[in-house]
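Peer 1: I am attaching a structure below and will ask some questions about it afterwards.
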Amino acid sequence: MERYDIAIIGTGPAGLSAAITAKIRNKSVLLIGSKDLSPKVTKAHAIQNYLGLPNIPGSDLGAAFQASIDSVGVTVTEDKITAAYNLGDYYGLQGAETIYEASTLILATGMIPGKLLPGEEALLGRGVSY
Ligand SMILES: Cc1cc2nc3c(=O)[nH]c(=O)nc-3n(C[C@H](O)[C@H](O)[C@H](O)COP(=O)(O)OP(=O)(O)OC[C@H]3O[C@@H](n4cnc5c(N)ncnc54)[C@H](O)[C@@H]3O)c2cc1C
């Protein structure tokens, strides 16, 4: 089994930034998450505070993120990690059907919001944004 230098769980802006940085420093990188990257980003109607990309729709920002990781050869492994074990000098990560190994682990899993307001989830990205 391949043991990666760095495993990153999460394909939002934090995980993608970490993966690009690791890759350009010639580390072997395992980026685990979703091919859709981050629904939080892509569902945003308009993002006004992303430096250099003023008032960009979330879907366009998602496409720009994809182009960034493509440009350095970072790929996404689609899986959901259900457990991470510290095994001394490396970490073991439990995916749906696969166990991964990496010397370093970065958790970039975002946050789960607390109790949602009535209708919030159904209308997210369709008028409701943060
Ligand atoms: C509708 C909306 C509009 C927003 N608008 C703005 C805005 O205008 N400006 C702004 O600054 N911020 C905005 N935000 C907030 C912004 O999207 C978040 O702050 C940002 O996405 C956080 O990035 P992150 O990488 O930490 O986590 P996330 O983007 O949440 O990414 C985490 C990723 O980790 C994955 N993951 C989690 N657990 C696991 C696991 N166990 N195994 C595998 N993968 C896992 C998730 O599926 C997800 O893909 C908005 C959010 C929403 C929902």
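Chain labels follow the order of the structure tokens: the first chain is A, the next B, and so on; residue numbering restarts at 1 in every chain, and ligands are counted from 1 in their shown order.
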From a DSSP pass on the backbone, collect the residues of region 28-125 of chain A flagged as helix (DSSP H, G or I) and hand them back as a PyMOL selection string.

Peer 2: chain A and resi 39-42+58-72+120-123

Peer 1: Mind the document's chain letters and residue numbers, and return as a ChimeraX atom specification the residues of region 8-117 of chain A that DSSP labels strand (DSSP E).

Peer 2: /A:8-9,29-33,76-78,83-86,91-94,99-107

Peer 1: Please give me, as an NGL selection string, the residues lying within 7 Å of ligand 1 when counting only C-alpha atoms and all ligand atoms.

Peer 2: :A and (9-15 or 32-34 or 37-41 or 43-50 or 79-82 or 108-111 or 124-125 or 128-130)

Peer 1: List as number ranges by chain the protein and nucleic acid residues near Asp70 (chain A), meaning an atom at most 12 Å away when only C-alpha atoms are counted, but skip any in the same chain fewer than 5 places from it.

Peer 2: A: 16, 19-20, 23, 63-65, 75-76

Peer 1: Write the residues you've just listed into a file as a PDB file, in the first residue's frame, and include C-alpha atoms for each of them.

Peer 2:
```pdb
ATOM      1  CA  LEU A  16      -7.391  22.508  -1.974  1.00  0.00           C
ATOM      2  CA  ALA A  19      -2.959  20.222  -1.529  1.00  0.00           C
ATOM      3  CA  ILE A  20      -1.553  22.727  -4.025  1.00  0.00           C
ATOM      4  CA  LYS A  23       2.282  19.395  -4.393  1.00  0.00           C
ATOM      5  CA  ALA A  63     -14.492  26.037 -11.627  1.00  0.00           C
ATOM      6  CA  ALA A  64     -11.498  28.289 -10.878  1.00  0.00           C
ATOM      7  CA  PHE A  65     -10.558  26.038  -7.948  1.00  0.00           C
ATOM      8  CA  THR A  75      -6.441  14.922  -8.199  1.00  0.00           C
ATOM      9  CA  VAL A  76      -9.350  14.209  -5.871  1.00  0.00           C
TER      10      VAL A  76
END
```

Peer 1: When you draw a straight line from CA of Tyr91 (chain A) to CA of Thr77 (chain A), how long is it in Å?

Peer 2: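 Those two atoms sit 16.9 Å apart.
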